[in-house]
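Asker: I have a structure I would like to understand better, so I am pasting it below and will then ask my questions one at a time.
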Amino acid sequence: MKQTWTTQKIVYTAVLAALVCAVTFFRFPLFGSKIHFANALCLLSGLLMGPLAGGLAAGLGSTLYDALFGGYDLLNCAITFLTKFLMAWLCARIAFSGGREAESHSRNIAACVAGALSYVAMYMLKTFVFQMFVYGYPMETAIVTMGSKLPASLLNAIAAMIAAPVLYAALTPALRRAGQLEKMRT
(Lines give C-alpha, C1' and ligand atoms only; values in the text may rest on other atoms or scores of the structure.)
Protein backbone atom coordinates (compact mmCIF):
# COMPACT_ATOMS: atom_id res chain seq x y z
CA MET A 1 0.00 0.00 0.00
CA LYS A 2 1.55 3.26 -1.13
CA GLN A 3 1.42 6.05 1.44
CA THR A 4 0.96 9.64 0.33
CA TRP A 5 0.20 12.34 2.84
CA THR A 6 -2.54 14.55 1.52
CA THR A 7 -4.12 17.27 3.62
CA GLN A 8 -7.22 15.10 3.95
CA LYS A 9 -5.22 12.13 5.19
CA ILE A 10 -3.45 14.30 7.76
CA VAL A 11 -6.82 15.63 8.92
CA TYR A 12 -8.31 12.12 9.16
CA THR A 13 -5.29 11.00 11.19
CA ALA A 14 -5.74 13.96 13.53
CA VAL A 15 -9.49 13.36 13.86
CA LEU A 16 -8.96 9.69 14.73
CA ALA A 17 -6.23 10.68 17.21
CA ALA A 18 -8.66 13.13 18.82
CA LEU A 19 -11.33 10.41 19.01
CA VAL A 20 -8.87 8.00 20.64
CA CYS A 21 -7.98 10.69 23.18
CA ALA A 22 -11.63 11.60 23.85
CA VAL A 23 -12.80 8.00 24.25
CA THR A 24 -10.11 7.44 26.88
CA PHE A 25 -12.01 9.82 29.20
CA PHE A 26 -14.93 7.39 29.38
CA ARG A 27 -13.56 4.70 31.66
CA PHE A 28 -14.07 3.13 35.03
CA PRO A 29 -11.70 1.36 37.44
CA LEU A 30 -11.71 -2.41 37.71
CA PHE A 31 -9.24 -4.79 39.33
CA GLY A 32 -6.48 -2.21 39.70
CA SER A 33 -6.73 -0.95 36.14
CA LYS A 34 -9.28 0.87 33.98
CA ILE A 35 -11.86 -0.33 31.46
CA HIS A 36 -12.29 1.88 28.38
CA PHE A 37 -12.87 1.69 24.62
CA ALA A 38 -9.73 3.54 23.52
CA ASN A 39 -8.14 0.29 22.34
CA ALA A 40 -11.14 -0.35 20.09
CA LEU A 41 -10.60 3.06 18.48
CA CYS A 42 -6.89 2.31 18.11
CA LEU A 43 -7.71 -0.90 16.23
CA LEU A 44 -10.38 0.90 14.19
CA SER A 45 -7.75 3.49 13.20
CA GLY A 46 -5.58 0.70 11.83
CA LEU A 47 -8.46 -0.86 9.92
CA LEU A 48 -9.59 2.44 8.42
CA MET A 49 -6.25 4.02 7.56
CA GLY A 50 -3.68 1.27 7.27
CA PRO A 51 -0.53 0.56 9.26
CA LEU A 52 1.31 3.87 9.29
CA ALA A 53 -1.50 6.44 9.50
CA GLY A 54 -3.62 4.18 11.72
CA GLY A 55 -0.66 3.56 14.00
CA LEU A 56 0.05 7.28 14.19
CA ALA A 57 -3.58 8.07 15.05
CA ALA A 58 -3.61 5.42 17.79
CA GLY A 59 -0.24 6.40 19.20
CA LEU A 60 -0.78 10.14 19.08
CA GLY A 61 -4.30 10.01 20.52
CA SER A 62 -3.29 7.82 23.45
CA THR A 63 -0.12 9.81 24.08
CA LEU A 64 -2.05 13.07 23.97
CA TYR A 65 -4.35 11.79 26.71
CA ASP A 66 -1.45 10.55 28.85
CA ALA A 67 0.54 13.78 28.46
CA LEU A 68 -2.30 16.24 29.01
CA PHE A 69 -4.70 14.42 31.31
CA GLY A 70 -3.00 11.28 32.63
CA GLY A 71 -0.16 12.98 34.44
CA TYR A 72 2.46 10.75 32.89
CA ASP A 73 6.11 11.63 32.36
CA LEU A 74 7.96 11.64 29.05
CA LEU A 75 9.11 8.02 29.34
CA ASN A 76 5.59 6.70 29.98
CA CYS A 77 4.23 8.84 27.14
CA ALA A 78 6.86 7.44 24.78
CA ILE A 79 5.97 3.90 25.83
CA THR A 80 2.28 4.65 25.32
CA PHE A 81 2.97 5.98 21.83
CA LEU A 82 5.04 2.93 20.90
CA THR A 83 2.64 0.31 22.27
CA LYS A 84 -0.54 1.88 20.86
CA PHE A 85 1.17 2.52 17.52
CA LEU A 86 2.29 -1.12 17.35
CA MET A 87 -1.18 -2.40 18.29
CA ALA A 88 -2.84 -0.51 15.41
CA TRP A 89 0.10 -1.18 13.06
CA LEU A 90 -0.04 -4.95 13.62
CA CYS A 91 -3.81 -4.98 13.22
CA ALA A 92 -3.56 -3.08 9.92
CA ARG A 93 -0.64 -5.17 8.62
CA ILE A 94 -2.76 -8.30 9.03
CA ALA A 95 -5.97 -6.74 7.68
CA PHE A 96 -4.16 -5.27 4.65
CA SER A 97 -1.94 -8.29 3.94
CA GLY A 98 -2.04 -10.10 0.64
CA GLY A 99 -3.34 -7.09 -1.24
CA ARG A 100 -6.53 -6.97 0.79
CA GLU A 101 -7.52 -3.57 2.07
CA ALA A 102 -9.32 -4.70 5.23
CA GLU A 103 -12.08 -6.19 3.07
CA SER A 104 -12.29 -9.61 4.72
CA HIS A 105 -14.41 -9.56 7.87
CA SER A 106 -12.81 -12.75 9.23
CA ARG A 107 -9.31 -11.38 8.57
CA ASN A 108 -10.29 -8.11 10.26
CA ILE A 109 -11.42 -10.01 13.34
CA ALA A 110 -8.15 -11.97 13.39
CA ALA A 111 -6.24 -8.69 12.94
CA CYS A 112 -8.08 -7.12 15.88
CA VAL A 113 -7.44 -10.17 18.06
CA ALA A 114 -3.72 -10.07 17.23
CA GLY A 115 -3.49 -6.31 17.77
CA ALA A 116 -5.39 -6.34 21.07
CA LEU A 117 -3.50 -9.33 22.49
CA SER A 118 -0.16 -7.84 21.42
CA TYR A 119 -1.04 -4.71 23.38
CA VAL A 120 -1.88 -6.79 26.48
CA ALA A 121 1.49 -8.53 26.18
CA MET A 122 3.32 -5.20 25.80
CA TYR A 123 1.42 -3.69 28.74
CA MET A 124 2.26 -6.67 30.95
CA LEU A 125 5.92 -6.43 29.89
CA LYS A 126 5.97 -2.71 30.71
CA THR A 127 4.39 -3.40 34.10
CA PHE A 128 6.98 -6.08 34.85
CA VAL A 129 9.95 -3.96 33.77
CA PHE A 130 8.76 -0.94 35.76
CA GLN A 131 8.01 -2.98 38.87
CA MET A 132 11.36 -4.79 38.80
CA PHE A 133 13.81 -2.31 37.38
CA VAL A 134 12.37 1.17 37.82
CA TYR A 135 10.68 0.79 41.20
CA GLY A 136 12.97 -1.99 42.44
CA TYR A 137 10.22 -4.21 43.83
CA PRO A 138 10.82 -7.93 44.35
CA MET A 139 9.67 -10.45 41.74
CA GLU A 140 6.64 -11.48 43.84
CA THR A 141 5.38 -7.90 43.95
CA ALA A 142 5.85 -7.52 40.19
CA ILE A 143 3.88 -10.69 39.54
CA VAL A 144 1.06 -9.69 41.89
CA THR A 145 0.86 -6.26 40.24
CA MET A 146 0.75 -7.85 36.80
CA GLY A 147 -1.94 -10.25 38.01
CA SER A 148 -4.02 -7.37 39.32
CA LYS A 149 -3.83 -5.54 35.98
CA LEU A 150 -4.37 -8.55 33.72
CA PRO A 151 -8.17 -9.00 34.15
CA ALA A 152 -8.97 -5.40 33.19
CA SER A 153 -6.44 -5.54 30.34
CA LEU A 154 -8.05 -8.69 28.98
CA LEU A 155 -11.54 -7.18 29.30
CA ASN A 156 -10.32 -4.12 27.38
CA ALA A 157 -8.84 -6.42 24.75
CA ILE A 158 -12.04 -8.45 24.40
CA ALA A 159 -14.15 -5.29 24.14
CA ALA A 160 -11.77 -3.94 21.48
CA MET A 161 -11.79 -7.24 19.55
CA ILE A 162 -15.59 -7.09 19.38
CA ALA A 163 -16.16 -3.35 18.92
CA ALA A 164 -13.51 -2.51 16.31
CA PRO A 165 -14.67 -4.93 13.56
CA VAL A 166 -18.31 -4.04 14.22
CA LEU A 167 -17.59 -0.30 14.01
CA TYR A 168 -15.50 -0.85 10.90
CA ALA A 169 -18.29 -2.84 9.20
CA ALA A 170 -20.80 -0.14 10.14
CA LEU A 171 -18.69 2.82 8.99
CA THR A 172 -17.05 1.62 5.78
CA PRO A 173 -20.15 1.51 3.52
CA ALA A 174 -20.91 5.17 4.21
CA LEU A 175 -17.24 6.19 3.93
CA ARG A 176 -16.92 4.27 0.66
CA ARG A 177 -20.12 5.79 -0.81
CA ALA A 178 -18.87 9.27 0.10
CA GLY A 179 -15.50 8.52 -1.54
CA GLN A 180 -13.71 9.13 1.74
CA LEU A 181 -12.37 5.67 2.55
CA GLU A 182 -9.95 5.80 -0.39
CA LYS A 183 -8.82 9.28 0.67
CA MET A 184 -8.05 7.97 4.14
CA ARG A 185 -5.81 5.26 2.71
CA THR A 186 -4.00 6.90 -0.22
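Ordering of the C-alpha coordinates sets the chain letters (A, B, ...), residue numbers begin anew at 1 in every chain, and ligands are numbered from 1 in the order given.
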Ala160 (chain A): which residues within 12 Å, counting only C-alpha atoms, same-chain residues fewer than 2 positions away excluded, as a PyMOL selection string?
Answerer: chain A and resi 35-45+87-88+91+109-117+119-120+153-158+162-168
Asker: Show me, as a PyMOL selection string, the residues that have an atom within 12 Å of Glu101 (chain A) when counting only C-alpha atoms, minus same-chain residues fewer than 2 positions from it.
Answerer: chain A and resi 1-2+46-51+91-99+103-105+107-108+172+181-182+184-186
Asker: Pull N, CA, C and O atoms from the residues just selected and write them as a short mmCIF file (atom, residue, chain, number, x, y, z; two decimals), in the first residue's frame.
Answerer:
data_model
loop_
_atom_site.label_atom_id
_atom_site.label_comp_id
_atom_site.auth_asym_id
_atom_site.auth_seq_id
_atom_site.Cartn_x
_atom_site.Cartn_y
_atom_site.Cartn_z
N MET A 1 0.83 -1.16 0.00
CA MET A 1 0.00 0.00 0.00
C MET A 1 0.89 1.24 0.00
O MET A 1 1.69 1.43 0.89
N LYS A 2 0.75 2.05 -1.01
CA LYS A 2 1.55 3.26 -1.13
C LYS A 2 0.97 4.35 -0.23
O LYS A 2 -0.23 4.60 -0.23
N GLY A 46 -6.37 1.56 12.70
CA GLY A 46 -5.58 0.70 11.83
C GLY A 46 -6.39 0.14 10.68
O GLY A 46 -5.93 0.12 9.54
N LEU A 47 -7.60 -0.30 10.97
CA LEU A 47 -8.46 -0.86 9.92
C LEU A 47 -8.85 0.19 8.89
O LEU A 47 -8.91 -0.09 7.69
N LEU A 48 -9.14 1.39 9.35
CA LEU A 48 -9.59 2.44 8.42
C LEU A 48 -8.45 3.03 7.60
O LEU A 48 -8.63 3.30 6.41
N MET A 49 -7.29 3.22 8.21
CA MET A 49 -6.25 4.02 7.56
C MET A 49 -5.00 3.25 7.15
O MET A 49 -4.15 3.79 6.47
N GLY A 50 -4.88 2.02 7.60
CA GLY A 50 -3.68 1.27 7.27
C GLY A 50 -2.64 1.37 8.37
O GLY A 50 -2.83 2.06 9.37
N PRO A 51 -1.51 0.68 8.19
CA PRO A 51 -0.53 0.56 9.26
C PRO A 51 0.08 1.88 9.75
O PRO A 51 0.08 2.14 10.95
N CYS A 91 -2.45 -4.72 13.68
CA CYS A 91 -3.81 -4.98 13.22
C CYS A 91 -3.94 -4.66 11.73
O CYS A 91 -4.45 -5.47 10.95
N ALA A 92 -3.46 -3.50 11.33
CA ALA A 92 -3.56 -3.08 9.92
C ALA A 92 -2.70 -3.95 9.00
O ALA A 92 -3.11 -4.26 7.89
N ARG A 93 -1.51 -4.32 9.45
CA ARG A 93 -0.64 -5.17 8.62
C ARG A 93 -1.35 -6.48 8.29
O ARG A 93 -1.26 -6.98 7.17
N ILE A 94 -2.04 -7.04 9.26
CA ILE A 94 -2.76 -8.30 9.03
C ILE A 94 -3.98 -8.05 8.14
O ILE A 94 -4.22 -8.78 7.17
N ALA A 95 -4.75 -7.02 8.44
CA ALA A 95 -5.97 -6.74 7.68
C ALA A 95 -5.67 -6.35 6.23
O ALA A 95 -6.48 -6.62 5.34
N PHE A 96 -4.52 -5.73 5.99
CA PHE A 96 -4.16 -5.27 4.65
C PHE A 96 -3.21 -6.23 3.94
O PHE A 96 -2.76 -5.95 2.84
N SER A 97 -2.90 -7.37 4.54
CA SER A 97 -1.94 -8.29 3.94
C SER A 97 -2.51 -8.97 2.70
O SER A 97 -3.73 -9.09 2.54
N GLY A 98 -1.63 -9.39 1.84
CA GLY A 98 -2.04 -10.10 0.64
C GLY A 98 -2.84 -9.27 -0.34
O GLY A 98 -3.65 -9.80 -1.08
N GLY A 99 -2.63 -7.96 -0.32
CA GLY A 99 -3.34 -7.09 -1.24
C GLY A 99 -4.76 -6.75 -0.81
O GLY A 99 -5.46 -6.01 -1.49
N GLU A 103 -10.80 -5.86 3.67
CA GLU A 103 -12.08 -6.19 3.07
C GLU A 103 -12.65 -7.52 3.55
O GLU A 103 -13.80 -7.83 3.32
N SER A 104 -11.83 -8.31 4.23
CA SER A 104 -12.29 -9.61 4.72
C SER A 104 -12.66 -9.48 6.21
O SER A 104 -11.81 -9.19 7.05
N HIS A 105 -13.94 -9.71 6.49
CA HIS A 105 -14.41 -9.56 7.87
C HIS A 105 -13.68 -10.54 8.80
O HIS A 105 -13.27 -10.16 9.90
N ARG A 107 -10.70 -11.84 8.42
CA ARG A 107 -9.31 -11.38 8.57
C ARG A 107 -9.26 -10.16 9.48
O ARG A 107 -8.33 -10.01 10.28
N ASN A 108 -10.25 -9.27 9.39
CA ASN A 108 -10.29 -8.11 10.26
C ASN A 108 -10.44 -8.51 11.72
O ASN A 108 -9.82 -7.92 12.61
N THR A 172 -17.65 1.66 7.12
CA THR A 172 -17.05 1.62 5.78
C THR A 172 -18.04 1.79 4.62
O THR A 172 -17.67 2.45 3.65
N LEU A 181 -13.21 6.77 2.10
CA LEU A 181 -12.37 5.67 2.55
C LEU A 181 -11.07 5.63 1.76
O LEU A 181 -9.99 5.47 2.33
N GLU A 182 -11.16 5.81 0.45
CA GLU A 182 -9.95 5.80 -0.39
C GLU A 182 -9.04 6.97 -0.04
O GLU A 182 -7.81 6.86 -0.07
N MET A 184 -8.69 8.26 2.86
CA MET A 184 -8.05 7.97 4.14
C MET A 184 -6.82 7.08 3.94
O MET A 184 -5.90 7.12 4.73
N ARG A 185 -6.84 6.29 2.90
CA ARG A 185 -5.81 5.26 2.71
C ARG A 185 -4.76 5.62 1.68
O ARG A 185 -3.74 4.96 1.62
N THR A 186 -4.98 6.60 0.83
CA THR A 186 -4.00 6.90 -0.22
C THR A 186 -2.86 7.73 0.29
O THR A 186 -2.90 8.36 1.28
#
Asker: So which residues touch Lys34 (chain A) within 7 Å, counting only C-alpha atoms, skipping near sequence neighbours fewer than 6 positions away, as a PyMOL selection string?
Answerer: chain A and resi 27-28+152
Asker: Name the residues of region 6-89 of chain A that come out as alpha helix (DSSP H) in a backbone DSSP run; write them as number ranges by chain.
Answerer: A: 7-24, 38-49, 51-68, 74-89
